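Student: Sending over coords_17.txt (compact mmCIF, C-alpha atoms).
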```txt
# COMPACT_ATOMS: atom_id res chain seq x y z
CA MET D 148 4.52 -17.12 39.72
CA PHE D 149 7.63 -16.31 37.65
CA ILE D 150 9.77 -19.35 36.95
CA GLU D 151 13.54 -19.23 36.43
CA LYS D 152 13.16 -19.50 32.65
CA PHE D 153 10.95 -16.42 32.56
CA LEU D 154 13.61 -14.45 34.41
CA GLU D 155 16.16 -15.75 31.92
CA VAL D 156 14.06 -14.34 29.05
CA LEU D 157 14.06 -10.92 30.74
CA ASN D 158 17.85 -11.01 30.56
CA HIS D 159 17.76 -11.35 26.77
CA GLU D 160 16.58 -8.36 24.78
CA GLY D 161 13.44 -8.65 22.73
CA VAL D 162 10.08 -7.12 21.90
CA VAL D 163 7.20 -7.47 24.39
CA SER D 164 3.63 -7.12 23.16
CA ILE D 165 0.98 -5.65 25.44
CA VAL D 166 -2.48 -6.49 24.15
CA THR D 167 -5.69 -4.84 25.32
CA CYS D 168 -9.21 -5.04 23.95
CA ALA D 169 -12.18 -2.69 24.04
CA ASN D 170 -15.23 -2.24 21.83
CA ASN D 171 -14.37 -5.51 20.11
CA GLU D 172 -11.06 -4.18 18.79
CA ALA D 173 -7.65 -5.29 19.96
CA HIS D 174 -4.78 -2.88 20.45
CA VAL D 175 -1.08 -3.75 20.74
CA SER D 176 1.62 -1.64 22.29
CA ASN D 177 5.21 -2.74 22.71
CA THR D 178 8.13 -2.48 25.02
CA TRP D 179 11.48 -4.28 25.54
CA ASN D 180 12.13 -7.36 27.67
CA SER D 181 14.71 -5.37 29.62
CA TYR D 182 12.10 -2.77 30.64
CA LEU D 183 10.03 -5.23 32.67
CA VAL D 184 10.57 -4.89 36.40
CA ILE D 185 9.20 -7.51 38.76
CA ALA D 186 7.77 -6.00 41.93
CA GLU D 187 6.18 -8.15 44.57
CA GLU D 188 5.19 -11.71 43.93
CA ASN D 189 2.77 -11.17 41.05
CA LYS D 190 3.30 -7.63 39.77
CA ILE D 191 5.24 -6.41 36.75
CA LEU D 192 6.01 -2.73 36.26
CA ILE D 193 6.59 -1.23 32.82
CA PRO D 194 7.62 2.36 32.06
CA ALA D 195 4.99 4.14 29.94
CA ALA D 196 5.68 7.23 27.87
CA ALA D 197 2.77 7.23 25.43
CA MET D 198 0.55 4.08 25.52
CA LEU D 199 -2.49 6.34 25.28
CA LYS D 200 -4.70 3.83 23.49
CA THR D 201 -3.66 1.12 25.97
CA GLU D 202 -4.73 3.41 28.81
CA GLU D 203 -8.02 4.24 27.06
CA ASN D 204 -8.71 0.52 26.60
CA ILE D 205 -7.93 -0.54 30.14
CA ASN D 206 -10.30 2.11 31.44
CA ILE D 207 -12.99 0.09 29.64
CA ASN D 208 -11.54 -3.41 30.07
CA GLY D 209 -8.64 -3.95 32.43
CA ASN D 210 -7.68 -7.40 31.11
CA VAL D 211 -4.33 -7.54 29.41
CA LYS D 212 -2.19 -10.15 27.68
CA LEU D 213 1.57 -9.91 27.31
CA THR D 214 3.80 -12.04 25.14
CA LEU D 215 7.57 -12.15 25.10
CA GLY D 216 10.33 -14.61 24.45
CA SER D 217 13.84 -15.21 23.24
CA LYS D 218 15.36 -17.45 20.63
CA GLU D 219 18.45 -17.60 22.84
CA VAL D 220 16.73 -19.34 25.76
CA MET D 221 16.00 -23.07 25.59
CA GLY D 222 12.35 -23.98 25.05
CA TYR D 223 10.63 -27.33 25.69
CA LYS D 224 12.38 -28.99 22.75
CA TYR D 225 14.51 -26.52 20.85
CA MET D 226 16.31 -23.24 21.38
CA GLY D 227 13.73 -20.49 21.66
CA THR D 228 11.09 -20.03 24.30
CA GLY D 229 8.08 -17.80 24.78
CA PHE D 230 5.65 -16.79 27.49
CA LEU D 231 2.04 -15.64 27.59
CA LEU D 232 1.07 -13.59 30.63
CA GLU D 233 -2.48 -12.73 31.55
CA GLY D 234 -3.61 -10.27 34.15
CA THR D 235 -5.08 -6.88 34.81
CA ALA D 236 -3.52 -3.50 34.18
CA LYS D 237 -3.47 -0.15 35.90
CA PHE D 238 -1.53 3.07 35.24
CA LEU D 239 0.35 4.51 38.22
CA LYS D 240 1.02 8.23 38.33
CA GLU D 241 2.40 8.43 41.86
CA GLY D 242 3.48 6.36 44.81
CA GLU D 243 6.44 4.22 45.78
CA HIS D 244 6.53 2.05 42.65
CA PHE D 245 6.15 5.10 40.42
CA GLU D 246 9.10 6.87 42.10
CA MET D 247 11.28 3.75 41.97
CA MET D 248 10.57 3.32 38.26
CA ARG D 249 11.17 7.01 37.47
CA LYS D 250 14.67 6.65 38.84
CA LYS D 251 15.35 3.80 36.42
CA PHE D 252 13.51 5.17 33.36
CA SER D 253 13.69 8.97 33.26
CA PHE D 254 11.50 9.13 30.13
CA LEU D 255 8.35 7.68 31.70
CA THR D 256 5.20 9.69 32.34
CA ARG D 257 3.30 6.82 34.02
CA VAL D 258 3.96 3.26 35.10
CA LEU D 259 1.95 0.39 33.68
CA GLU D 260 1.39 -2.03 36.54
CA ILE D 261 0.36 -5.55 35.56
CA THR D 262 -1.13 -7.81 38.22
CA VAL D 263 -0.31 -11.18 36.72
CA THR D 264 -2.80 -14.02 37.19
CA SER D 265 -1.12 -16.48 34.82
CA CYS D 266 2.38 -16.80 33.34
CA LYS D 267 2.56 -19.73 30.89
CA GLN D 268 5.52 -20.98 28.92
CA THR D 269 4.13 -21.51 25.41
CA LEU D 270 7.15 -22.98 23.62
CA MET L 13 4.72 -1.44 1.24
CA PHE L 14 7.76 -2.92 3.04
CA ILE L 15 10.56 -0.43 3.55
CA GLU L 16 14.23 -1.40 3.77
CA LYS L 17 14.23 -1.08 7.58
CA PHE L 18 11.40 -3.60 7.87
CA LEU L 19 13.41 -6.10 5.82
CA GLU L 20 16.37 -5.41 8.10
CA VAL L 21 14.24 -6.36 11.13
CA LEU L 22 13.35 -9.67 9.47
CA ASN L 23 17.07 -10.42 9.36
CA HIS L 24 17.36 -10.10 13.14
CA GLU L 25 15.71 -12.78 15.26
CA GLY L 26 12.86 -11.82 17.54
CA VAL L 27 9.33 -12.57 18.64
CA VAL L 28 6.42 -11.58 16.37
CA SER L 29 2.97 -11.15 17.89
CA ILE L 30 -0.10 -11.96 15.84
CA VAL L 31 -3.19 -10.39 17.38
CA THR L 32 -6.76 -11.28 16.48
CA CYS L 33 -10.04 -10.32 18.12
CA ALA L 34 -13.46 -11.95 18.28
CA ASN L 35 -16.34 -11.74 20.74
CA ASN L 36 -14.65 -8.75 22.36
CA GLU L 37 -11.62 -10.79 23.42
CA ALA L 38 -8.15 -10.45 21.98
CA HIS L 39 -5.92 -13.44 21.29
CA VAL L 40 -2.17 -13.40 20.70
CA SER L 41 -0.14 -16.04 18.95
CA ASN L 42 3.56 -15.77 18.25
CA THR L 43 6.18 -16.65 15.70
CA TRP L 44 9.78 -15.64 14.92
CA ASN L 45 10.91 -12.74 12.72
CA SER L 46 12.84 -15.23 10.60
CA TYR L 47 9.64 -17.18 9.81
CA LEU L 48 8.01 -14.30 7.93
CA VAL L 49 8.17 -14.71 4.16
CA ILE L 50 7.23 -11.84 1.89
CA ALA L 51 5.27 -12.98 -1.15
CA GLU L 52 4.00 -10.50 -3.67
CA GLU L 53 3.86 -6.80 -2.99
CA ASN L 54 1.63 -6.84 0.09
CA LYS L 55 1.47 -10.41 1.34
CA ILE L 56 3.31 -12.06 4.21
CA LEU L 57 3.28 -15.82 4.67
CA ILE L 58 3.78 -17.45 8.07
CA PRO L 59 4.06 -21.19 8.78
CA ALA L 60 1.26 -22.36 11.10
CA ALA L 61 1.41 -25.56 13.14
CA ALA L 62 -1.23 -24.94 15.81
CA MET L 63 -2.68 -21.38 15.85
CA LEU L 64 -6.12 -22.91 16.36
CA LYS L 65 -7.58 -19.97 18.29
CA THR L 66 -6.16 -17.54 15.73
CA GLU L 67 -7.93 -19.51 13.00
CA GLU L 68 -11.17 -19.60 15.00
CA ASN L 69 -10.99 -15.83 15.49
CA ILE L 70 -10.27 -14.92 11.89
CA ASN L 71 -13.26 -16.98 10.80
CA ILE L 72 -15.31 -14.44 12.77
CA ASN L 73 -13.15 -11.33 12.23
CA GLY L 74 -10.39 -11.42 9.62
CA ASN L 75 -8.60 -8.29 10.84
CA VAL L 76 -5.18 -8.91 12.27
CA LYS L 77 -2.38 -6.84 13.81
CA LEU L 78 1.25 -7.92 13.87
CA THR L 79 4.07 -6.37 15.85
CA LEU L 80 7.76 -7.09 15.60
CA GLY L 81 11.04 -5.29 16.00
CA SER L 82 14.67 -5.51 16.94
CA LYS L 83 16.86 -3.68 19.40
CA GLU L 84 19.72 -4.19 16.95
CA VAL L 85 18.20 -2.09 14.16
CA MET L 86 18.33 1.72 14.33
CA GLY L 87 15.03 3.41 15.16
CA TYR L 88 14.05 7.05 14.63
CA LYS L 89 16.34 8.27 17.38
CA TYR L 90 18.02 5.38 19.14
CA MET L 91 19.00 1.79 18.51
CA GLY L 92 15.87 -0.34 18.46
CA THR L 93 12.99 -0.17 16.05
CA GLY L 94 9.53 -1.68 15.82
CA PHE L 95 6.73 -2.12 13.32
CA LEU L 96 2.95 -2.43 13.51
CA LEU L 97 1.32 -4.19 10.58
CA GLU L 98 -2.39 -4.24 9.95
CA GLY L 99 -4.23 -6.37 7.46
CA THR L 100 -6.47 -9.34 6.96
CA ALA L 101 -5.65 -12.98 7.49
CA LYS L 102 -6.47 -16.24 5.78
CA PHE L 103 -5.26 -19.82 6.32
CA LEU L 104 -3.99 -21.61 3.21
CA LYS L 105 -4.17 -25.39 3.06
CA GLU L 106 -3.12 -25.84 -0.56
CA GLY L 107 -1.84 -24.00 -3.58
CA GLU L 108 1.43 -22.58 -4.80
CA HIS L 109 2.22 -20.52 -1.69
CA PHE L 110 1.37 -23.44 0.57
CA GLU L 111 3.70 -25.79 -1.35
CA MET L 112 6.52 -23.23 -1.40
CA MET L 113 6.22 -22.71 2.36
CA ARG L 114 6.06 -26.43 3.12
CA LYS L 115 9.43 -26.84 1.46
CA LYS L 116 10.90 -24.24 3.82
CA PHE L 117 9.06 -25.22 7.02
CA SER L 118 8.41 -28.96 7.14
CA PHE L 119 6.47 -28.68 10.44
CA LEU L 120 3.61 -26.54 9.10
CA THR L 121 0.05 -27.79 8.73
CA ARG L 122 -1.29 -24.56 7.19
CA VAL L 123 0.06 -21.22 6.04
CA LEU L 124 -1.16 -18.00 7.59
CA GLU L 125 -1.38 -15.49 4.76
CA ILE L 126 -1.55 -11.83 5.79
CA THR L 127 -2.70 -9.28 3.24
CA VAL L 128 -1.05 -6.18 4.64
CA THR L 129 -2.86 -2.85 4.35
CA SER L 130 -0.50 -0.85 6.57
CA CYS L 131 3.10 -1.32 7.75
CA LYS L 132 4.12 1.47 10.12
CA GLN L 133 7.41 2.01 11.88
CA THR L 134 6.46 2.81 15.48
CA LEU L 135 9.86 3.57 17.00
```
With the file now loaded, output its structure as structure tokens.
Tutor:
Amino acid sequence: MFIEKFLEVLNHEGVVSIVTCANNEAHVSNTWNSYLVIAEENKILIPAAAMLKTEENININGNVKLTLGSKEVMGYKYMGTGFLLEGTAKFLKEGEHFEMMRKKFSFLTRVLEITVTSCKQTL
Amino acid sequence: MFIEKFLEVLNHEGVVSIVTCANNEAHVSNTWNSYLVIAEENKILIPAAAMLKTEENININGNVKLTLGSKEVMGYKYMGTGFLLEGTAKFLKEGEHFEMMRKKFSFLTRVLEITVTSCKQTL
């Protein structure tokens, strides 16, 4: 699911966008590349402190799109690559993944768990 | 409209997300911080090569959200800041702004012009 180049992007700092949509209006929240934790084959965990509107949206429509990239990682032709991830989202408030993440990110109140269905290199 | 800190972010490379929404589905396209050109008091110009779905969406719903940031620029409390811009979008295929942008970015086929109504520092 996650190719080597995607993992390389996670090792370069940058802004991740988390896009949800409900009632025909898109919402974007953001985090850092370095905050994404891969758990299991197709799951990404993200520490959530606020993300209230994201949570409100995914209660209506669980589909989520994430974009991230780095100018410092080689793309198809030039320096700079980017990825578009699609999947479904859920907020964890307890459990093994929640506890593991709380140890890494003391500021979190919940964990945003993305079940990734597609991870495409766009550039 | 654009505070000093926003201009500072433009001077650090990073991934910009451009979010549109039509038919209750969000779409995200991306560009680089360094590709944003401020023109006039409240307009941002972005070179567009593909961005076909973005164009399709804004023909239905012209509202757009942009997010960008940099871990290397000081935020409210810690290193790392981010901005959420809201506005309306239009694709330019000719005119003064189009010609000016084509000189800077030879690869563009159109220019995405954002009329910004709000530019908020989120972190």
Student: Kindly provide, as an MDAnalysis selection string, the residues of chain D having any atom no farther than 6 Å from an atom of chain L, counting only C-alpha atoms.
Tutor: chainID D and resid 168 171 173
Student: Find the spatial neighbours of Leu124 in chain L, counting all atoms listed in the file, within a cut-off of 7 Å - ignore same-chain residues fewer than 3 positions away - and output them as a list in words.
Tutor: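 In the requested format, the answer is Leu57, Ile58, Pro59, Ala60, Ala101, Lys102, Phe103 and Leu104 of chain L.
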Student: Report the distance between CA of Thr129 in chain L and CA of Gly99 in chain L in Å, rounded to one decimal place.
Tutor: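 Computing it gives 4.9 Å between the two atoms.
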Student: At a cut-off of 12 Å from (16.2, -14.1, 35.9) in the coordinates of the file, what residues are picked up using only C-alpha atoms, written as a PyMOL selection string?
Tutor: chain D and resi 149-159+180-181+183-185+220
Student: Please, what distance in Å, to one decimal, runs between CA of Ile207 in chain D and CA of Thr235 in chain D?
Tutor: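 Atom-to-atom, CA of Ile207 in chain D to CA of Thr235 in chain D, that is 11.7 Å.
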Student: Work out how far CA of Met63 in chain L is from CA of Lys115 in chain L, in Å to one decimal.
Tutor: 19.6 Å
Student: Out of L:Lys105, L:Lys55, L:Arg114, L:Lys65, which residue has the shortest atom-to-atom distance to Val128 in chain L when counting all atoms listed in the file?
Tutor: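 Among the listed residues, the smallest separation from Val128 in chain L belongs to L:Lys55.
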Student: Output, as AutoDock Vina command-line options, the centre and edge lengths in Å (one decimal) of the axis-aligned box that contains all listed atoms of range 220-234 of chain D with 5 Å of margin on each side.
Tutor:
```
--center_x 6.6 --center_y -19.6 --center_z 27.5 --size_x 30.3 --size_y 28.7 --size_z 23.3
```
